[in-house]
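The file coords_33.pdb comes next; it holds PDB, C-alpha atoms.
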MODEL        1
ATOM      1  CA  MET A   1       8.553  43.228  -0.595
ATOM      2  CA  SER A   2      10.486  40.219   0.614
ATOM      3  CA  TYR A   3      10.168  36.637  -0.491
ATOM      4  CA  GLN A   4      10.819  33.592   1.688
ATOM      5  CA  THR A   5      12.461  30.693  -0.035
ATOM      6  CA  GLY A   6      12.880  27.163   1.203
ATOM      7  CA  PRO A   7      16.252  25.645   1.978
ATOM      8  CA  SER A   8      18.370  24.826  -1.030
ATOM      9  CA  PRO A   9      19.139  21.141  -1.571
ATOM     10  CA  LEU A  10      22.454  19.933  -0.265
ATOM     11  CA  SER A  11      25.194  19.293  -2.766
ATOM     12  CA  PRO A  12      27.066  15.980  -2.442
ATOM     13  CA  SER A  13      30.091  17.676  -0.849
ATOM     14  CA  ASP A  14      27.905  19.047   1.977
ATOM     15  CA  ARG A  15      27.864  15.537   3.458
ATOM     16  CA  PRO A  16      30.977  13.580   4.490
ATOM     17  CA  LEU A  17      31.906  10.411   2.646
ATOM     18  CA  ASP A  18      31.167   8.251   5.683
ATOM     19  CA  TYR A  19      27.560   9.449   5.573
ATOM     20  CA  TRP A  20      27.110   8.248   1.991
ATOM     21  CA  LEU A  21      28.970   4.981   2.664
ATOM     22  CA  SER A  22      27.003   4.065   5.778
ATOM     23  CA  PRO A  23      25.078   0.762   5.622
ATOM     24  CA  GLU A  24      22.265   2.383   7.608
ATOM     25  CA  LEU A  25      21.597   4.899   4.831
ATOM     26  CA  ALA A  26      21.676   2.154   2.209
ATOM     27  CA  ALA A  27      19.228   0.064   4.256
ATOM     28  CA  VAL A  28      16.538   2.782   4.236
ATOM     29  CA  THR A  29      17.013   3.637   0.536
ATOM     30  CA  PRO A  30      15.334   1.645  -2.268
ATOM     31  CA  ALA A  31      17.752  -0.843  -3.821
ATOM     32  CA  GLY A  32      17.103   0.543  -7.302
ATOM     33  CA  ALA A  33      17.674   4.199  -6.424
ATOM     34  CA  ARG A  34      20.421   5.808  -8.500
ATOM     35  CA  SER A  35      23.511   7.345  -6.920
ATOM     36  CA  ARG A  36      27.091   8.091  -7.850
ATOM     37  CA  LEU A  37      28.493   5.519  -5.412
ATOM     38  CA  ARG A  38      26.256   2.800  -6.816
ATOM     39  CA  GLU A  39      27.333   3.642 -10.357
ATOM     40  CA  ILE A  40      30.970   3.431  -9.290
ATOM     41  CA  ALA A  41      30.394   0.128  -7.493
ATOM     42  CA  GLY A  42      28.508  -1.353 -10.456
ATOM     43  CA  ALA A  43      31.114  -0.322 -13.029
ATOM     44  CA  ARG A  44      33.982  -1.426 -10.785
ATOM     45  CA  GLY A  45      32.317  -4.796 -10.180
ATOM     46  CA  SER A  46      31.696  -5.313 -13.909
ATOM     47  CA  TYR A  47      35.314  -4.648 -14.829
ATOM     48  CA  MET A  48      36.637  -6.752 -11.955
ATOM     49  CA  GLY A  49      34.304  -9.591 -12.882
ATOM     50  CA  ALA A  50      35.380  -9.500 -16.530
ATOM     51  CA  TRP A  51      39.086  -9.644 -15.694
ATOM     52  CA  ALA A  52      38.489 -12.309 -13.041
ATOM     53  CA  ALA A  53      36.802 -14.416 -15.715
ATOM     54  CA  GLY A  54      39.944 -14.105 -17.824
ATOM     55  CA  VAL A  55      42.055 -15.241 -14.872
ATOM     56  CA  GLY A  56      39.740 -18.208 -14.342
ATOM     57  CA  ILE A  57      39.758 -19.265 -17.993
ATOM     58  CA  GLY A  58      43.551 -18.980 -18.179
ATOM     59  CA  THR A  59      43.931 -21.094 -15.036
ATOM     60  CA  VAL A  60      41.598 -23.755 -16.443
ATOM     61  CA  LEU A  61      43.660 -23.922 -19.637
ATOM     62  CA  VAL A  62      46.807 -24.491 -17.574
ATOM     63  CA  LEU A  63      45.121 -27.290 -15.624
ATOM     64  CA  MET A  64      43.746 -28.821 -18.806
ATOM     65  CA  GLY A  65      47.203 -28.905 -20.353
ATOM     66  CA  VAL A  66      48.609 -30.645 -17.275
ATOM     67  CA  LEU A  67      45.757 -33.184 -17.126
ATOM     68  CA  LEU A  68      46.057 -34.034 -20.816
ATOM     69  CA  ALA A  69      49.799 -34.454 -20.464
ATOM     70  CA  VAL A  70      49.291 -36.889 -17.602
ATOM     71  CA  ARG A  71      46.401 -38.688 -19.290
ATOM     72  CA  LEU A  72      48.103 -39.129 -22.672
ATOM     73  CA  GLY A  73      51.581 -39.664 -21.283
ATOM     74  CA  THR A  74      53.107 -36.937 -23.461
ATOM     75  CA  PHE A  75      53.964 -33.310 -22.881
ATOM     76  CA  VAL A  76      53.329 -32.263 -26.487
ATOM     77  CA  LEU A  77      50.019 -30.561 -25.670
ATOM     78  CA  LEU A  78      51.295 -28.942 -22.466
ATOM     79  CA  PRO A  79      52.896 -25.840 -24.060
ATOM     80  CA  SER A  80      50.039 -25.286 -26.520
ATOM     81  CA  LEU A  81      47.466 -25.031 -23.714
ATOM     82  CA  SER A  82      49.297 -24.127 -20.515
ATOM     83  CA  LEU A  83      51.515 -21.356 -21.869
ATOM     84  CA  PRO A  84      48.662 -19.316 -23.456
ATOM     85  CA  GLY A  85      46.570 -20.024 -20.359
ATOM     86  CA  ALA A  86      49.291 -18.783 -18.023
ATOM     87  CA  ALA A  87      49.824 -15.667 -20.149
ATOM     88  CA  LEU A  88      46.083 -14.954 -20.158
ATOM     89  CA  ALA A  89      45.801 -15.444 -16.390
ATOM     90  CA  VAL A  90      48.763 -13.168 -15.649
ATOM     91  CA  LEU A  91      47.616 -10.430 -18.045
ATOM     92  CA  CYS A  92      44.048 -10.441 -16.719
ATOM     93  CA  GLY A  93      45.361 -10.548 -13.155
ATOM     94  CA  VAL A  94      47.338  -7.348 -13.779
ATOM     95  CA  PHE A  95      44.277  -5.560 -15.157
ATOM     96  CA  TYR A  96      42.135  -6.925 -12.312
ATOM     97  CA  ALA A  97      44.505  -5.349  -9.789
ATOM     98  CA  ARG A  98      44.407  -2.056 -11.687
ATOM     99  CA  VAL A  99      40.616  -1.718 -11.847
ATOM    100  CA  ARG A 100      40.302  -2.804  -8.213
ATOM    101  CA  ASP A 101      42.426   0.123  -7.046
ATOM    102  CA  ARG A 102      41.045   2.865  -9.322
ATOM    103  CA  LEU A 103      37.766   4.680  -9.823
ATOM    104  CA  PRO A 104      36.159   3.332 -13.006
ATOM    105  CA  ARG A 105      34.685   5.362 -15.835
ATOM    106  CA  THR A 106      30.968   5.044 -15.219
ATOM    107  CA  ASP A 107      30.061   6.409 -18.651
ATOM    108  CA  ARG A 108      31.616   3.357 -20.302
ATOM    109  CA  ALA A 109      30.505   0.436 -18.182
ATOM    110  CA  LEU A 110      30.591  -3.083 -19.599
ATOM    111  CA  VAL A 111      27.384  -4.718 -20.812
ATOM    112  CA  ASN A 112      26.857  -7.928 -18.859
ATOM    113  CA  ARG A 113      24.829 -10.646 -20.590
ATOM    114  CA  GLY A 114      25.366 -13.264 -17.893
ATOM    115  CA  PRO A 115      24.176 -13.710 -14.305
ATOM    116  CA  GLY A 116      24.789 -10.752 -12.030
ATOM    117  CA  ASN A 117      24.889 -12.547  -8.691
ATOM    118  CA  LEU A 118      25.861 -15.880  -7.146
ATOM    119  CA  ARG A 119      22.334 -17.278  -7.022
ATOM    120  CA  GLY A 120      21.718 -16.632 -10.703
ATOM    121  CA  ALA A 121      25.130 -18.062 -11.604
ATOM    122  CA  LEU A 122      24.506 -21.279  -9.664
ATOM    123  CA  SER A 123      21.142 -21.754 -11.373
ATOM    124  CA  PHE A 124      22.692 -21.158 -14.800
ATOM    125  CA  VAL A 125      25.584 -23.555 -14.169
ATOM    126  CA  ALA A 126      23.248 -26.233 -12.809
ATOM    127  CA  PHE A 127      21.105 -25.971 -15.955
ATOM    128  CA  ILE A 128      24.143 -26.358 -18.222
ATOM    129  CA  LEU A 129      25.421 -29.383 -16.308
ATOM    130  CA  ILE A 130      22.016 -31.067 -16.322
ATOM    131  CA  VAL A 131      21.740 -30.598 -20.095
ATOM    132  CA  PHE A 132      25.320 -31.808 -20.676
ATOM    133  CA  ILE A 133      24.964 -34.923 -18.528
ATOM    134  CA  GLY A 134      21.459 -35.617 -19.840
ATOM    135  CA  LEU A 135      22.564 -35.515 -23.486
ATOM    136  CA  PHE A 136      25.413 -37.907 -22.794
ATOM    137  CA  ALA A 137      23.195 -40.269 -20.806
ATOM    138  CA  PHE A 138      20.610 -40.485 -23.595
ATOM    139  CA  THR A 139      23.083 -40.825 -26.462
ATOM    140  CA  ALA A 140      25.705 -43.134 -24.931
ATOM    141  CA  LYS A 141      25.548 -46.840 -25.659
ATOM    142  CA  PRO A 142      25.037 -49.244 -22.721
ATOM    143  CA  SER A 143      28.537 -50.655 -23.252
ATOM    144  CA  THR A 144      29.990 -47.201 -22.661
ATOM    145  CA  TRP A 145      29.173 -47.353 -18.960
ATOM    146  CA  GLN A 146      31.245 -50.547 -18.636
ATOM    147  CA  ASP A 147      34.433 -49.121 -20.188
ATOM    148  CA  PRO A 148      36.720 -47.659 -17.474
ATOM    149  CA  GLY A 149      38.706 -45.673 -20.039
ATOM    150  CA  VAL A 150      35.613 -43.932 -21.400
ATOM    151  CA  LEU A 151      34.345 -43.211 -17.901
ATOM    152  CA  LEU A 152      37.703 -41.688 -16.928
ATOM    153  CA  THR A 153      37.676 -39.509 -20.038
ATOM    154  CA  LEU A 154      34.109 -38.451 -19.272
ATOM    155  CA  ALA A 155      35.082 -37.576 -15.707
ATOM    156  CA  MET A 156      37.961 -35.431 -16.991
ATOM    157  CA  VAL A 157      35.717 -33.648 -19.487
ATOM    158  CA  LEU A 158      33.099 -33.040 -16.814
ATOM    159  CA  ALA A 159      35.738 -31.726 -14.403
ATOM    160  CA  PHE A 160      37.027 -29.386 -17.112
ATOM    161  CA  VAL A 161      33.506 -28.104 -17.844
ATOM    162  CA  VAL A 162      32.824 -27.531 -14.138
ATOM    163  CA  CYS A 163      36.097 -25.647 -13.653
ATOM    164  CA  LEU A 164      35.419 -23.554 -16.740
ATOM    165  CA  LEU A 165      31.926 -22.670 -15.552
ATOM    166  CA  VAL A 166      33.226 -21.764 -12.098
ATOM    167  CA  GLY A 167      35.974 -19.543 -13.473
ATOM    168  CA  ALA A 168      33.995 -17.918 -16.276
ATOM    169  CA  ILE A 169      30.542 -17.586 -14.672
ATOM    170  CA  ILE A 170      30.331 -18.201 -10.930
ATOM    171  CA  VAL A 171      33.373 -16.146  -9.874
ATOM    172  CA  PRO A 172      32.533 -13.048 -12.008
ATOM    173  CA  ALA A 173      28.868 -13.171 -10.991
ATOM    174  CA  THR A 174      29.847 -13.351  -7.316
ATOM    175  CA  ILE A 175      32.145 -10.342  -7.709
ATOM    176  CA  MET A 176      29.436  -8.305  -9.451
ATOM    177  CA  GLY A 177      26.787  -9.334  -6.946
ATOM    178  CA  ARG A 178      28.946  -8.113  -4.054
ATOM    179  CA  SER A 179      30.226  -4.964  -5.767
ATOM    180  CA  ARG A 180      28.674  -2.568  -3.245
ATOM    181  CA  GLU A 181      30.036  -4.408  -0.223
ATOM    182  CA  SER A 182      33.414  -4.617  -1.951
ATOM    183  CA  LEU A 183      33.505  -0.869  -2.543
ATOM    184  CA  ARG A 184      32.553  -0.113   1.067
ATOM    185  CA  ARG A 185      35.265  -2.463   2.354
ATOM    186  CA  LYS A 186      37.858  -1.008  -0.039
ATOM    187  CA  ALA A 187      37.076   2.535   1.101
ATOM    188  CA  ALA A 188      37.445   1.475   4.739
ATOM    189  CA  THR A 189      40.767  -0.357   4.350
ATOM    190  CA  ASP A 190      42.635   1.459   1.552
ATOM    191  CA  PRO A 191      43.532   5.113   2.334
ATOM    192  CA  ARG A 192      44.614   5.803  -1.246
ATOM    193  CA  PHE A 193      41.329   4.567  -2.683
ATOM    194  CA  ARG A 194      39.396   6.503  -0.056
ATOM    195  CA  ALA A 195      41.267   9.660  -1.075
ATOM    196  CA  LEU A 196      40.121   9.102  -4.665
ATOM    197  CA  LEU A 197      36.522   8.882  -3.461
ATOM    198  CA  GLU A 198      36.937  12.008  -1.323
ATOM    199  CA  GLN A 199      38.216  13.934  -4.342
ATOM    200  CA  ASP A 200      35.403  12.618  -6.514
ATOM    201  CA  LEU A 201      32.863  13.642  -3.862
ATOM    202  CA  VAL A 202      34.119  17.234  -3.966
ATOM    203  CA  THR A 203      34.134  17.570  -7.760
ATOM    204  CA  TRP A 204      31.213  15.411  -8.940
ATOM    205  CA  ARG A 205      27.817  16.831  -9.907
ATOM    206  CA  ASP A 206      25.005  14.832 -11.461
ATOM    207  CA  PRO A 207      24.863  15.807 -15.153
ATOM    208  CA  TYR A 208      21.402  14.307 -15.696
ATOM    209  CA  GLY A 209      19.339  15.249 -12.659
ATOM    210  CA  ASN A 210      19.554  15.649  -8.904
ATOM    211  CA  ALA A 211      20.929  12.287  -7.805
ATOM    212  CA  GLY A 212      22.967  12.234  -4.600
ATOM    213  CA  TYR A 213      26.500  10.960  -4.239
ATOM    214  CA  GLY A 214      25.194   8.059  -2.179
ATOM    215  CA  PRO A 215      23.895   5.886  -0.709
ATOM    216  CA  LEU A 216      25.868   2.775  -1.517
TER
ENDMDL
END
Would it be possible to restate this file's structure as structure tokens?
Amino acid sequence: MSYQTGPSPLSPSDRPLDYWLSPELAAVTPAGARSRLREIAGARGSYMGAWAAGVGIGTVLVLMGVLLAVRLGTFVLLPSLSLPGAALAVLCGVFYARVRDRLPRTDRALVNRGPGNLRGALSFVAFILIVFIGLFAFTAKPSTWQDPGVLLTLAMVLAFVVCLLVGAIIVPATIMGRSRESLRRKAATDPRFRALLEQDLVTWRDPYGNAGYGPL
């Protein structure tokens, strides 16, 4: 007696990497569907966003030190702010370059408590600025608005807050929100990174179910 069995499901390595990376496949797949490429893109975007935030904060500290030195007419505060800021920016920049060029560990992805895309980041930043400006407007005395020195200080504080929010929230959220497009572009332009994906495609198997390697 013979038995007829259906075709066995394809393993990830039965399809080429370009198939899994294709935008057409991603377009016809639900956005929330799980895949290895999407896990890689999400983890890579989270790490890149975290290190980019460090670069942004360090840069803001450098700028703040320079502005305070100019505003106060003394360079006493310049080393205490700009030197740690420069060190932080350089260190985070090194780690940003490393995680950008390597496959991340998807079993140890960062937990993101902030916005995960540009639209959410802009809404969050706008809310913070409205609250900040509103509190000052309601608590400031009428004479405050006639003092040029106070207004200049307020403008500097507001500029610092805006720069900090851009570096610590908007930039990381934008990176995370575009993590899939970033991974596709990296695979298309960096042969070494593409080779890492090709090797991962050959060796990876879903340990929890039957998820495919893609789509992205």
Fill in: Polymer residues at most 9 Å from Leu122 in chain A, all atoms listed in the file, same-chain spacing of 5 or more positions, as a list in words
Pro115, Asn117, Phe127, Ile169 and Ile170 of chain A
Fill in: Answer key for the PyMOL selection byres ((chain A and resi 166) around 10), residues as an MDAnalysis selection string
chainID A and resid 53 56:57 60 121:122 125 160:165 167:173
Item to complete: Enumerate, as a PyMOL selection string, the residues matched when the PyMOL selection byres ((chain A and resi 104) around 8) is run on the file above.
Response: chain A and resi 40+43-44+99+102-103+105-106
Item to complete: Return the single residue from A:Arg100, A:Ile128, A:Arg15, A:Met156 that is closest to Arg185 in chain A, with distances computed using only C-alpha atoms.
Response: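 Once distances to Arg185 in chain A are computed over only C-alpha atoms, the minimum belongs to A:Arg100.
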Practice prompt. For the file shown, report as a PyMOL selection string the outcome of the PyMOL selection byres ((chain A and resi 19) around 12) at residue level.
Written response: chain A and resi 12-18+20-26+37+184+198+201+212-216
Worksheet item: Which residue out of A:Ala159, A:Met48, A:Ala27, A:Ala87 has the minimum interatomic distance to Ser179 in chain A when all atoms listed in the file are used?
Response: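 Result for the nearest residue to Ser179 in chain A: A:Met48.
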Worksheet entry | Counting all atoms listed in the file, the option among A:Ala52, A:Leu129, A:Leu61, A:Ala188 closest to Val94 in chain A |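 Smallest separation from Val94 in chain A among the options: A:Ala52.
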Fill in: CA of Val55 in chain A to CA of Ala89 in chain A, distance in Å rounded to a single decimal
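Result for CA of Val55 in chain A versus CA of Ala89 in chain A: 4.0 Å, one decimal.
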